[in-house]
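Student: Below is the file work-v9.csv, which contains CSV, C-alpha atoms.
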chain,number,residue,atom,x,y,z
A,109,PHE,CA,-5.6,3.5,6.1
A,110,ALA,CA,-7.3,0.7,7.9
A,111,GLU,CA,-10.0,3.0,9.2
A,112,LYS,CA,-10.7,4.2,5.6
A,113,ALA,CA,-10.9,0.6,4.4
A,114,LEU,CA,-13.6,0.0,7.1
A,115,MET,CA,-15.4,3.1,5.9
A,116,VAL,CA,-15.5,1.7,2.4
A,117,ALA,CA,-16.7,-1.7,3.6
A,118,ALA,CA,-19.6,0.1,5.2
A,119,GLN,CA,-20.8,1.5,1.9
A,120,LYS,CA,-22.9,-0.1,-0.7
A,121,THR,CA,-20.4,-1.6,-3.1
A,122,LEU,CA,-20.1,-4.0,-6.0
A,123,TYR,CA,-17.1,-5.8,-7.5
A,124,VAL,CA,-16.4,-4.0,-10.7
A,125,LYS,CA,-13.3,-4.6,-12.8
A,126,GLY,CA,-11.3,-1.4,-13.1
A,127,GLY,CA,-13.3,0.3,-10.4
A,128,PHE,CA,-11.6,2.5,-7.8
A,129,GLY,CA,-14.8,4.0,-6.3
A,130,LEU,CA,-16.9,4.3,-9.5
A,131,VAL,CA,-20.3,5.6,-8.7
A,132,LEU,CA,-22.8,3.3,-10.3
A,133,ASN,CA,-25.3,5.8,-11.5
A,134,LYS,CA,-26.5,5.6,-15.2
A,135,SER,CA,-23.3,7.0,-16.6
A,136,GLY,CA,-21.1,5.0,-14.2
A,137,LYS,CA,-22.8,1.8,-15.2
A,138,ALA,CA,-22.3,2.5,-18.9
A,139,ARG,CA,-18.6,3.3,-18.2
A,140,ALA,CA,-18.1,0.1,-16.3
A,141,ILE,CA,-19.8,-2.1,-18.9
A,142,SER,CA,-18.0,-0.6,-21.8
A,143,SER,CA,-14.6,-0.8,-20.2
A,144,TYR,CA,-14.0,-4.5,-19.6
A,145,ASP,CA,-15.3,-7.7,-21.0
A,146,TYR,CA,-15.5,-9.1,-17.4
A,147,ASN,CA,-18.0,-6.3,-16.6
A,148,LYS,CA,-20.0,-7.0,-19.7
A,149,LYS,CA,-20.6,-10.5,-18.5
A,150,ARG,CA,-22.0,-9.0,-15.3
A,151,GLU,CA,-24.1,-6.4,-17.0
A,152,ASP,CA,-27.3,-7.4,-15.2
A,153,LEU,CA,-25.7,-7.2,-11.8
A,154,ILE,CA,-24.2,-3.8,-12.6
A,155,ASN,CA,-27.4,-2.4,-14.0
A,156,ALA,CA,-29.3,-3.7,-10.9
A,157,ALA,CA,-27.0,-1.7,-8.5
A,158,SER,CA,-28.6,1.3,-6.8
A,159,ASN,CA,-27.3,4.8,-7.7
A,160,ASP,CA,-25.5,5.1,-4.3
A,161,THR,CA,-23.3,2.0,-4.9
A,162,PHE,CA,-19.6,2.2,-5.5
A,163,GLY,CA,-17.6,-0.1,-7.8
A,164,PHE,CA,-14.2,-1.5,-6.8
A,165,ASP,CA,-11.9,-4.3,-7.8
A,166,CYS,CA,-9.3,-5.6,-5.4
A,167,CYS,CA,-6.5,-3.2,-6.5
A,168,GLY,CA,-9.0,-0.4,-7.0
A,169,LEU,CA,-9.9,-0.6,-3.4
A,170,ILE,CA,-6.4,0.1,-2.3
A,171,LYS,CA,-5.7,2.7,-5.0
A,172,GLY,CA,-9.0,4.4,-4.5
A,173,ILE,CA,-8.3,4.9,-0.8
A,174,LEU,CA,-4.9,6.2,-1.5
A,175,TRP,CA,-6.3,8.5,-4.2
A,176,GLY,CA,-8.7,10.1,-1.8
A,177,PHE,CA,-12.0,8.1,-2.0
A,178,ASP,CA,-14.4,9.7,0.5
A,179,ALA,CA,-17.8,8.2,-0.6
A,180,ASN,CA,-18.8,11.3,-2.4
A,181,SER,CA,-21.5,10.1,-4.8
A,182,LYS,CA,-21.5,13.4,-6.7
A,183,LYS,CA,-18.0,12.6,-8.0
A,184,VAL,CA,-17.4,10.1,-10.8
A,185,TYR,CA,-15.1,8.0,-8.6
A,186,GLY,CA,-16.4,8.9,-5.2
A,187,GLY,CA,-13.8,11.6,-4.6
A,188,ALA,CA,-10.8,9.5,-5.7
A,189,GLU,CA,-8.5,11.4,-8.1
A,190,TYR,CA,-6.7,9.1,-10.6
A,191,LYS,CA,-3.0,8.7,-9.9
A,192,SER,CA,-3.0,11.4,-7.2
A,193,ASN,CA,-0.9,11.6,-4.0
A,194,GLY,CA,2.1,10.1,-5.8
A,195,VAL,CA,0.4,6.7,-6.2
A,196,ASP,CA,0.7,5.1,-9.6
A,197,ASP,CA,-2.0,2.9,-11.3
A,198,LEU,CA,-0.6,-0.6,-10.5
A,199,ASN,CA,-2.0,-4.1,-10.4
A,200,GLU,CA,-1.5,-6.3,-7.4
A,201,LYS,CA,2.0,-7.5,-8.5
A,202,GLY,CA,3.0,-3.9,-9.2
A,203,LEU,CA,1.9,-2.8,-5.7
A,204,LEU,CA,3.7,-5.8,-4.2
A,205,SER,CA,6.9,-4.7,-6.0
A,206,LYS,CA,6.7,-1.4,-4.2
A,207,CYS,CA,6.3,-3.0,-0.8
A,208,THR,CA,8.9,-3.6,2.0
A,209,ASN,CA,8.9,-6.0,5.0
A,210,ILE,CA,7.4,-8.8,2.8
A,211,SER,CA,6.7,-11.8,5.0
A,212,ASP,CA,4.9,-15.1,4.5
A,213,ASP,CA,4.3,-15.4,8.3
A,214,LEU,CA,0.7,-14.2,8.4
A,215,SER,CA,0.7,-14.3,12.2
A,216,THR,CA,2.9,-11.2,12.2
A,217,ALA,CA,0.6,-9.1,10.0
A,218,GLU,CA,0.0,-5.6,11.3
A,219,VAL,CA,-2.8,-3.1,10.9
A,220,GLY,CA,-2.6,-1.5,7.4
A,221,ASP,CA,-0.5,-4.3,5.8
A,222,PHE,CA,-0.9,-5.1,2.1
A,223,MET,CA,-2.2,-8.6,1.8
A,224,TYR,CA,-1.3,-10.5,-1.3
A,225,MET,CA,-2.1,-13.8,-3.1
A,226,SER,CA,-1.7,-14.5,-6.8
A,227,GLY,CA,-4.2,-12.3,-8.7
A,228,HIS,CA,-5.7,-10.7,-5.6
A,229,CYS,CA,-4.9,-8.3,-2.7
A,230,GLY,CA,-6.5,-6.7,0.4
A,231,ILE,CA,-5.9,-4.7,3.5
A,232,TYR,CA,-5.2,-6.2,7.0
A,233,ILE,CA,-7.3,-4.3,9.6
A,234,GLY,CA,-6.2,-6.3,12.7
A,235,GLY,CA,-8.0,-8.9,14.7
A,236,GLY,CA,-7.4,-11.5,12.1
A,237,LYS,CA,-9.5,-9.7,9.6
A,238,VAL,CA,-9.0,-8.3,6.0
A,239,VAL,CA,-10.9,-5.8,4.0
A,240,GLU,CA,-11.0,-6.9,0.3
A,241,SER,CA,-13.1,-6.4,-2.8
A,242,SER,CA,-14.1,-9.7,-4.3
A,243,PRO,CA,-16.9,-11.2,-6.4
A,244,ALA,CA,-17.0,-14.0,-3.9
A,245,TRP,CA,-19.3,-14.1,-0.9
A,246,ALA,CA,-20.6,-10.5,-0.5
A,247,ASN,CA,-19.6,-9.6,-4.1
A,248,GLY,CA,-18.0,-6.3,-3.3
A,249,VAL,CA,-15.9,-4.7,-0.6
A,250,GLN,CA,-16.2,-6.9,2.5
A,251,ILE,CA,-14.6,-7.9,5.7
A,252,THR,CA,-13.2,-11.5,5.8
A,253,LYS,CA,-11.2,-13.6,8.1
A,254,ILE,CA,-7.5,-13.9,7.2
A,255,THR,CA,-7.9,-17.7,7.6
A,256,ASP,CA,-10.7,-17.8,5.0
A,257,ARG,CA,-8.4,-17.0,2.2
A,258,LYS,CA,-5.0,-18.4,0.9
A,259,TRP,CA,-3.0,-15.3,1.4
A,260,LYS,CA,0.6,-15.7,0.6
A,261,THR,CA,2.3,-12.6,2.1
A,262,HIS,CA,1.7,-9.4,4.0
A,263,SER,CA,3.9,-6.3,3.6
A,264,ARG,CA,4.1,-2.6,3.9
A,265,LEU,CA,3.1,-0.1,1.2
A,266,PRO,CA,5.4,2.8,0.6
A,267,TYR,CA,2.6,5.4,0.6
A,268,ILE,CA,1.7,4.9,4.3
A,269,LYS,CA,3.5,5.9,7.5
A,270,TYR,CA,3.6,2.8,9.7
A,271,PRO,CA,4.6,2.9,13.3
A,272,VAL,CA,8.2,1.6,13.8
A,273,ALA,CA,8.5,-0.9,16.6
A,274,GLY,CA,11.1,0.3,19.1
A,275,SER,CA,11.4,3.7,17.4
A,276,GLU,CA,11.6,5.5,20.7
A,277,LYS,CA,15.0,3.8,21.2
A,278,LEU,CA,16.4,4.9,17.9
A,279,SER,CA,18.5,8.0,17.2
A,280,ILE,CA,18.6,9.7,13.9
A,281,PRO,CA,22.2,9.9,12.7
A,282,ALA,CA,23.9,13.1,11.6
A,283,TYR,CA,24.9,13.5,7.9
A,284,TYR,CA,27.0,13.3,5.7
A,285,LEU,CA,27.6,9.5,5.5
A,286,ARG,CA,28.7,7.5,2.5
A,287,ARG,CA,30.5,4.4,1.5
A,288,GLY,CA,33.7,4.2,3.5
A,289,SER,CA,32.3,6.1,6.5
A,290,SER,CA,32.5,4.4,9.8
A,291,GLY,CA,31.7,4.9,13.5
A,292,MET,CA,28.7,5.5,15.7
A,293,GLU,CA,26.7,7.6,13.2
A,294,VAL,CA,26.9,4.8,10.7
A,295,LYS,CA,25.7,2.4,13.3
A,296,LYS,CA,22.8,4.6,14.1
A,297,LEU,CA,21.9,4.7,10.4
A,298,GLN,CA,22.1,0.9,10.2
A,299,GLU,CA,19.8,0.5,13.3
A,300,CYS,CA,17.3,2.9,11.7
A,301,LEU,CA,17.3,1.0,8.4
A,302,ASN,CA,17.0,-2.3,10.2
A,303,ALA,CA,13.9,-1.0,12.0
A,304,LEU,CA,12.4,-0.2,8.6
A,305,GLY,CA,13.0,-3.8,7.4
A,306,TYR,CA,16.4,-3.5,5.6
A,307,LYS,CA,18.4,-6.2,7.2
A,308,LEU,CA,21.9,-5.1,8.1
A,309,ALA,CA,24.7,-5.9,10.5
A,310,THR,CA,25.1,-2.9,12.9
A,311,ASP,CA,28.9,-2.9,12.7
A,312,GLY,CA,29.4,0.8,12.1
A,313,GLN,CA,30.9,0.2,8.7
A,314,PHE,CA,29.3,1.9,5.6
A,315,GLY,CA,30.0,-0.9,3.1
A,316,PRO,CA,28.2,-2.1,0.0
A,317,LYS,CA,25.2,-3.7,1.9
A,318,THR,CA,24.6,-0.5,3.9
A,319,ARG,CA,24.7,1.5,0.7
A,320,GLU,CA,22.3,-0.9,-1.0
A,321,ALA,CA,19.9,-0.6,1.9
A,322,LEU,CA,20.1,3.2,1.8
A,323,VAL,CA,19.5,3.3,-1.9
A,324,ASN,CA,16.4,1.1,-1.5
A,325,PHE,CA,15.2,3.4,1.3
A,326,GLN,CA,15.8,6.4,-1.0
A,327,ARG,CA,13.9,4.7,-3.9
A,328,ASN,CA,11.0,3.7,-1.7
A,329,THR,CA,10.6,7.2,-0.3
A,330,GLY,CA,10.9,9.1,-3.5
A,331,LEU,CA,14.5,10.5,-3.0
A,332,SER,CA,17.4,10.6,-5.4
A,333,CYS,CA,19.1,7.2,-5.2
A,334,ASP,CA,22.7,8.3,-4.8
A,335,GLY,CA,23.6,6.1,-1.9
A,336,ILE,CA,24.7,9.1,0.1
A,337,TYR,CA,23.1,9.9,3.5
A,338,GLY,CA,22.7,13.6,3.3
A,339,PRO,CA,20.2,16.3,4.6
A,340,LYS,CA,17.3,15.0,2.5
A,341,SER,CA,17.8,11.4,3.6
A,342,GLN,CA,18.0,12.5,7.2
A,343,LYS,CA,14.8,14.5,6.9
A,344,LYS,CA,12.9,11.6,5.3
A,345,LEU,CA,14.3,9.2,7.9
A,346,ARG,CA,13.1,11.5,10.7
A,347,GLU,CA,9.6,11.6,9.0
A,348,VAL,CA,9.3,7.9,8.7
A,349,ILE,CA,10.7,7.0,12.2
A,350,LYS,CA,8.5,8.5,14.9
Could I get this file's structure written as structure tokens?

Tutor:
Amino acid sequence: FAEKALMVAAQKTLYVKGGFGLVLNKSGKARAISSYDYNKKREDLINAASNDTFGFDCCGLIKGILWGFDANSKKVYGGAEYKSNGVDDLNEKGLLSKCTNISDDLSTAEVGDFMYMSGHCGIYIGGGKVVESSPAWANGVQITKITDRKWKTHSRLPYIKYPVAGSEKLSIPAYYLRRGSSGMEVKKLQECLNALGYKLATDGQFGPKTREALVNFQRNTGLSCDGIYGPKSQKKLREVIK
């Protein structure tokens, strides 16, 4: 995800409201200008862009990457397919609402984290740097220092597989587990959910908090939210924790 963000930052880009990789050829420029009043005010800038320039806004950068942007100037959106890969068309607040491990301690940001401030978002790429699309400074997709902006939080998007710290020490529990279950397998489940950011006491008791964490895990990974740890939940947990 971070590598793809760096690839986009290396392209010719321009901040375009509603853009998620829009190729700014003649038809693309007309599409951009007719779609948003904000773009109409920037008509001269958009029309001056070369035909090999891609248009992104801040959310469009993230969605465009997740939708498959590959800098293909022969495609309307550079290879991105709208709402593909199970990723909805959301603004920065909508994306944040899908995230887990939300923290305001920017010193703990990890590669690929979703960076958020009111009205804006970006991608943390490590080394204290963020890839973002903004009309400020370079006026397009650019690499900035995390300290140059007033970021509020960093978090993890549900569409990306992040490495789990200490996952080599975790054991995937056996199923079936549900409210009222107890013992070592429940404790293993709690440890796995803790590693994914769902804060639980590892007491081996499947109570309401463990069920709530499991339901949130199921919701965030596209499973049926029944609060029962069955074969599908085990398979998904095995996929996420590597």

Student: At a cut-off of 9 Å, using all atoms listed in the file, what residues contact A:Arg150? Leave out same-chain residues fewer than 5 positions from it and give the result as an MDAnalysis selection string.

Tutor: chainID A and resid 124 141 145 155

Student: Of the candidates A:Thr208, A:Gln313, A:Ser279, A:Ser241, which one gets nearest to A:Val294 if we count all atoms listed in the file?

Tutor: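 Residue with the minimum atom-to-atom distance to A:Val294: A:Gln313.
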
Student: Identify which of the residues A:Tyr283, A:Tyr146, A:Tyr123, A:Phe314 lies closest to A:Leu345, counting all atoms listed in the file when measuring atom-to-atom distances.

Tutor: A:Tyr283

Student: For atom CA of A:Asn209 and atom CA of A:Arg264, determine how far apart the two atoms are, in Å to one decimal place.

Tutor: 6.0 Å

Student: Counting all atoms listed in the file, which of A:Val184, A:Ile254, A:Ile268, A:Ala309 gets nearest to A:Ala217?

Tutor: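 Of A:Val184, A:Ile254, A:Ile268, A:Ala309, the one nearest A:Ala217 is A:Ile254, counting all atoms listed in the file.
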
Student: Between atom CA of A:Lys183 and atom CA of A:Cys207, what is the distance, to one decimal in Å?

Tutor: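 One can read the atom CA of A:Lys183 to atom CA of A:Cys207 distance as 29.8 Å.
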
Student: Measuring atom to atom with all atoms listed in the file, identify which of A:Ala113, A:Gly127, A:Val195, A:Asn147 is nearest to A:Val239.

Tutor: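 With all atoms listed in the file as the atom set, the closest residue is A:Ala113.
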